>>> print(open('final.cif').read())   # mmCIF, C-alpha atoms and all ligand atoms
data_data
loop_
_atom_site.label_atom_id
_atom_site.label_comp_id
_atom_site.auth_asym_id
_atom_site.auth_seq_id
_atom_site.Cartn_x
_atom_site.Cartn_y
_atom_site.Cartn_z
CA MET A 1 96.51 93.40 97.90
CA GLU A 2 96.21 95.74 94.91
CA ASN A 3 99.29 97.90 94.50
CA GLU A 4 97.34 101.13 94.42
CA LEU A 5 95.81 100.14 97.70
CA LEU A 6 99.19 99.22 99.12
CA GLN A 7 100.59 102.62 98.15
CA ASP A 8 97.60 104.47 99.52
CA LYS A 9 97.88 102.68 102.80
CA LEU A 10 101.65 102.58 103.05
CA LYS A 11 102.42 104.59 106.14
CA ILE A 12 106.02 105.62 106.52
CA GLU A 13 107.13 105.49 110.13
CA PRO A 14 110.36 105.54 112.11
CA ALA A 15 111.87 102.08 112.44
CA ALA A 16 112.11 100.39 115.82
CA GLU A 17 115.02 98.29 117.00
CA LYS A 18 112.97 95.14 116.45
CA ASP A 19 112.73 95.99 112.72
CA TRP A 20 116.50 95.95 112.24
CA VAL A 21 116.92 92.33 111.12
CA GLU A 22 114.15 92.69 108.54
CA ILE A 23 115.62 95.99 107.32
CA LEU A 24 118.98 94.29 106.86
CA GLN A 25 117.29 91.51 104.87
CA LEU A 26 115.63 94.05 102.59
CA LEU A 27 118.93 95.88 102.05
CA GLU A 28 120.77 92.60 101.53
CA GLU A 29 118.37 91.43 98.80
CA ASN A 30 119.00 94.77 97.07
CA ASP A 31 122.82 94.73 97.49
CA LEU A 32 122.77 97.96 99.49
CA ILE A 33 124.70 96.86 102.57
CA PHE A 34 127.86 97.40 100.55
CA TRP A 35 127.28 101.16 100.95
CA PHE A 36 127.11 101.15 104.75
CA THR A 37 129.54 103.60 106.33
CA GLY A 38 129.47 102.14 109.83
CA ASN A 39 127.02 104.35 111.71
CA GLU A 40 123.83 102.69 110.48
CA SER A 41 121.21 101.66 113.02
CA SER A 42 117.45 101.47 113.24
CA LYS A 43 117.51 104.95 114.82
CA ASN A 44 118.04 106.68 111.45
CA PHE A 45 115.74 104.43 109.47
CA TYR A 46 112.18 104.77 108.27
CA ILE A 47 110.04 101.90 107.08
CA GLY A 48 106.78 101.26 105.30
CA LYS A 49 104.93 98.07 106.15
CA ASP A 50 102.30 96.18 104.22
CA ILE A 51 99.38 96.71 106.57
CA GLU A 52 98.01 93.25 105.84
CA ASN A 53 100.99 90.97 106.41
CA LYS A 54 103.06 93.54 108.37
CA LYS A 55 106.12 92.87 106.23
CA ILE A 56 108.49 95.76 105.51
CA VAL A 57 107.96 96.84 101.91
CA CYS A 58 110.22 99.86 101.90
CA CYS A 59 113.06 101.34 103.91
CA PHE A 60 115.45 104.26 103.84
CA SER A 61 117.55 106.24 106.24
CA ILE A 62 118.06 109.94 106.76
CA GLU A 63 121.25 111.09 108.42
CA PHE A 64 121.74 114.78 109.05
CA GLU A 65 123.72 117.48 110.73
CA ASP A 66 122.08 120.85 111.32
CA THR A 67 120.03 121.56 108.20
CA ILE A 68 121.87 119.24 105.80
CA GLY A 69 120.70 115.66 105.31
CA VAL A 70 121.65 112.60 103.31
CA LEU A 71 119.12 110.05 102.13
CA LYS A 72 120.61 106.55 102.19
CA SER A 73 119.67 102.90 101.81
CA PHE A 74 116.47 103.50 99.86
CA ALA A 75 114.96 100.16 98.91
CA ILE A 76 111.69 98.63 97.86
CA SER A 77 111.04 94.94 98.40
CA LYS A 78 112.21 93.16 95.24
CA LYS A 79 108.88 91.56 94.38
CA LEU A 80 107.15 94.96 94.51
CA GLN A 81 109.64 96.99 92.48
CA GLY A 82 108.57 98.74 89.29
CA LYS A 83 105.01 99.34 90.48
CA GLY A 84 105.27 103.00 91.42
CA ILE A 85 105.81 102.45 95.13
CA GLY A 86 109.30 104.00 95.33
CA LYS A 87 108.19 107.16 93.55
CA TYR A 88 105.11 107.40 95.73
CA VAL A 89 107.15 107.06 98.93
CA VAL A 90 109.69 109.70 97.87
CA ASN A 91 107.15 112.19 96.54
CA ASN A 92 104.69 111.89 99.40
CA ASN A 93 106.87 111.63 102.49
CA LEU A 94 110.29 113.18 102.22
CA GLU A 95 109.32 116.86 102.28
CA ARG A 96 107.29 116.26 105.43
CA LEU A 97 110.11 114.32 107.11
CA CYS A 98 112.65 117.02 106.22
CA GLN A 99 110.37 119.63 107.73
CA GLN A 100 110.04 117.58 110.92
CA LEU A 101 113.80 117.09 111.18
CA GLY A 102 114.66 120.71 110.29
CA ILE A 103 116.46 119.67 107.10
CA LYS A 104 116.66 122.33 104.40
CA LYS A 105 118.71 120.36 101.88
CA LEU A 106 118.43 116.60 101.49
CA TYR A 107 121.03 115.00 99.23
CA ALA A 108 121.10 111.58 97.60
CA ALA A 109 123.78 109.88 95.53
CA SER A 110 123.04 107.08 93.10
CA ILE A 111 125.01 104.78 90.89
CA GLU A 112 122.35 102.10 90.57
CA ALA A 113 119.17 103.98 89.77
CA PRO A 114 119.71 107.60 88.64
CA GLN A 115 116.76 107.37 86.25
CA PHE A 116 114.54 106.55 89.19
CA TRP A 117 115.60 109.63 91.17
CA ALA A 118 115.14 111.79 88.07
CA LYS A 119 111.46 110.78 88.09
CA THR A 120 110.95 112.03 91.65
CA ILE A 121 110.78 115.46 93.29
CA PHE A 122 114.60 115.40 93.64
CA LYS A 123 116.55 117.53 91.16
CA GLU A 124 119.75 116.24 89.66
CA ILE A 125 122.76 118.46 90.36
CA GLU A 126 126.38 118.52 89.23
CA ARG A 127 129.04 117.48 91.70
CA SER A 128 130.50 120.99 91.45
CA GLU A 129 127.24 122.39 92.86
CA ILE A 130 127.67 120.49 96.14
CA LYS A 131 129.02 122.92 98.71
CA ASP A 132 127.95 121.26 101.94
CA ASP A 133 130.81 119.53 103.77
CA TYR A 134 128.47 117.09 105.47
CA PHE A 135 127.52 115.52 102.12
CA LEU A 136 131.02 115.85 100.66
CA LYS A 137 132.42 113.95 103.66
CA TYR A 138 129.79 111.24 103.18
CA LEU A 139 130.84 110.87 99.53
CA ASP A 140 134.49 110.56 100.58
CA ASN A 141 133.61 107.19 102.14
CA PHE A 142 133.30 105.65 98.70
CA CYS A 143 136.11 107.00 96.58
CA ASP A 144 138.48 104.22 97.72
CA LYS A 145 135.76 101.58 97.70
CA VAL A 146 134.58 101.92 94.08
CA SER A 147 136.80 102.62 91.11
CA ASN A 148 135.73 105.72 89.17
CA TYR A 149 133.14 106.38 91.88
CA PHE A 150 132.85 110.06 91.08
CA GLU A 151 132.41 109.47 87.35
CA LYS A 152 129.69 106.87 87.90
CA THR A 153 127.71 108.73 90.54
CA HIS A 154 124.72 110.98 90.01
CA TYR A 155 123.76 113.52 92.66
CA PHE A 156 120.30 114.63 93.64
CA LEU A 157 118.97 117.37 95.88
CA LEU A 158 115.63 118.06 97.52
CA LYS A 159 115.39 121.61 98.85
CA SER A 160 112.75 122.91 101.18
C1 LIG B 1 115.31 101.94 92.69
C2 LIG B 1 114.05 101.64 93.48
C3 LIG B 1 114.12 102.31 94.84
C4 LIG B 1 112.86 102.23 92.69
O1 LIG B 1 111.63 101.94 93.35
P1 LIG B 1 110.44 101.30 92.52
O2 LIG B 1 109.26 101.23 93.36
O3 LIG B 1 110.93 100.02 91.91
O4 LIG B 1 110.29 102.39 91.35
P2 LIG B 1 108.92 102.98 90.76
O5 LIG B 1 108.09 101.85 90.28
O6 LIG B 1 108.30 103.92 91.73
O7 LIG B 1 109.47 103.78 89.52
C5 LIG B 1 109.27 105.18 89.31
C6 LIG B 1 109.86 105.54 87.96
O8 LIG B 1 111.28 105.31 87.99
C7 LIG B 1 111.65 104.37 86.97
N1 LIG B 1 112.64 103.46 87.56
C8 LIG B 1 112.52 102.75 88.69
N2 LIG B 1 113.63 102.04 88.96
C9 LIG B 1 114.47 102.32 87.96
C10 LIG B 1 115.79 101.89 87.68
N3 LIG B 1 116.45 101.02 88.46
N4 LIG B 1 116.37 102.39 86.56
C11 LIG B 1 115.67 103.23 85.75
N5 LIG B 1 114.44 103.69 85.98
C12 LIG B 1 113.84 103.22 87.07
C13 LIG B 1 110.37 103.64 86.61
O9 LIG B 1 110.43 103.19 85.27
C14 LIG B 1 109.30 104.69 86.84
O10 LIG B 1 109.19 105.53 85.71
P3 LIG B 1 107.76 106.22 85.32
O11 LIG B 1 107.40 107.14 86.47
O12 LIG B 1 108.05 106.93 84.04
O13 LIG B 1 106.79 105.08 85.18
C15 LIG B 1 113.78 100.12 93.67
O14 LIG B 1 113.65 99.51 92.41
C16 LIG B 1 114.88 99.42 94.44
O15 LIG B 1 114.76 99.26 95.65
N6 LIG B 1 115.96 99.00 93.74
C17 LIG B 1 117.07 98.29 94.38
C18 LIG B 1 117.82 99.17 95.36
C19 LIG B 1 118.30 100.48 94.74
O16 LIG B 1 118.83 100.53 93.64
N7 LIG B 1 118.06 101.56 95.52
C20 LIG B 1 118.46 102.89 95.12
C21 LIG B 1 119.87 103.11 95.48
S1 LIG B 1 120.37 104.74 94.94
#
>>> encode(input="final.cif", output="structure tokens", more="lines below")
Ligand SMILES: CC(C)(COP(=O)(O)OP(=O)(O)OC[C@H]1O[C@@H](n2cnc3c(N)ncnc32)[C@H](O)[C@@H]1OP(=O)(O)O)[C@@H](O)C(=O)NCCC(=O)NCCS
Amino acid sequence: MENELLQDKLKIEPAAEKDWVEILQLLEENDLIFWFTGNESSKNFYIGKDIENKKIVCCFSIEFEDTIGVLKSFAISKKLQGKGIGKYVVNNNLERLCQQLGIKKLYAASIEAPQFWAKTIFKEIERSEIKDDYFLKYLDNFCDKVSNYFEKTHYFLLKS
């Protein structure tokens, strides 16, 4: 399938419980399970499937409390990375999902791919600009796990 076609037809939908093993495989191949905080389940995940072979091409989760959300576990299948799919998924789906979930501020943190997020509709912010406890508490999960976590991390915000 041509990539442009794949992007055009990539429908982002809530994950079902039966997708969980495949989601874990996608996260595993991208070394993202390391960042799990313990409350992950298919309930918070969204997926995009290749409509031809039905394989999961993309996944991410959105966790939120009131109007504050955190985007986590964003991954594109390794063999399809670097083809514009990640940017397409972020720029064409997240505002709509935030609206549906009542999220006014969606945060993301990245050590691995800050240049990717900078190319999307997210805006990079300084750590000092983060005032929402929900996101600050999420970040606390990692300060013991990764040395110099705060120095290495970039923060991004999508406001609606
Ligand atoms: C990071 C990731 C989500 C990006 O998705 P993708 O489909 O490969 O990225 P795209 O092809 O849409 O790239 C969009 C832009 O970001 C840039 N970009 C993508 N990944 C990048 C990276 N790791 N570092 C720097 N720039 C990157 C591309 O060069 C492209 O730039 P352009 O618009 O000027 O052409 C994907 O590569 C991935 O799953 N990586 C492994 C897991 C991971 O790091 N997830 C993010 C955790 S914060």
>>> atom_distance(input="final.cif", atom1="atom CA of Ala113 of chain A", atom2="atom C21 of ligand LIG 1 (chain B)")
5.8 Å
>>> residues_around(input="final.cif", residues="Glu95 of chain A", least_positions_apart="6", cutoff="9 Å", atoms="all atoms listed in the file", output="number ranges by chain")
A: 158-160
>>> residues_near_ligand(input="final.cif", ligand="ligand LIG 1 (chain B)", cutoff="8 Å", atoms="all atoms listed in the file", output="PyMOL selection string")
chain A and resi 27+30-32+58+72-78+80-89+108-120
>>> residues_around(input="final.cif", residues="Ser42 of chain A", least_positions_apart="4", cutoff="8 Å", atoms="all atoms listed in the file", output="ChimeraX atom specification")
/A:15-17,19-20,46
>>> write_last_selection(input="final.cif", atoms="C-alpha atoms", output="mmCIF file, in the frame of the given file")
data_model
loop_
_atom_site.group_PDB
_atom_site.id
_atom_site.type_symbol
_atom_site.label_atom_id
_atom_site.label_comp_id
_atom_site.auth_asym_id
_atom_site.auth_seq_id
_atom_site.Cartn_x
_atom_site.Cartn_y
_atom_site.Cartn_z
ATOM 1 C CA ALA A 15 111.870 102.080 112.440
ATOM 2 C CA ALA A 16 112.110 100.390 115.820
ATOM 3 C CA GLU A 17 115.020 98.290 117.000
ATOM 4 C CA ASP A 19 112.730 95.990 112.720
ATOM 5 C CA TRP A 20 116.500 95.950 112.240
ATOM 6 C CA TYR A 46 112.180 104.770 108.270
#
>>> atom_distance(input="final.cif", atom1="atom CA of Gly102 of chain A", atom2="atom CA of Asp66 of chain A")
7.5 Å
>>> atom_distance(input="final.cif", atom1="atom CA of Glu52 of chain A", atom2="atom CA of Gln99 of chain A")
29.2 Å
>>> closest_residue(input="final.cif", among="A:Val70, A:Ile121, A:Leu136, A:Cys143", to="Leu106 of chain A", atoms="only C-alpha atoms")
A:Val70
>>> residues_around(input="final.cif", residues="Leu139 of chain A", least_positions_apart="4", cutoff="12 Å", atoms="only C-alpha atoms", output="MDAnalysis selection string")
chainID A and resid 35:37 70 72 107:110 127 130 132:135 143:146 149:150 153:155
>>> closest_residue(input="final.cif", among="A:Lys131, A:Lys11, A:Ile51, A:Ile56", to="Leu24 of chain A", atoms="only C-alpha atoms")
A:Ile56
>>> axis_aligned_box(input="final.cif", around="segment 112-122 of chain A", padding_each_side="8 Å", output="lines of an AutoDock Vina configuration file")
center_x = 116.6
center_y = 108.8
center_z = 89.9
size_x = 27.6
size_y = 29.4
size_z = 23.4
>>> closest_residue(input="final.cif", among="A:Glu13, A:Glu29, A:Phe34, A:Val21", to="Gly48 of chain A", atoms="all atoms listed in the file")
A:Glu13
>>> closest_residue(input="final.cif", among="A:Ile103, A:Phe60, A:Pro14, A:Phe122", to="Ile33 of chain A", atoms="all atoms listed in the file")
A:Phe60
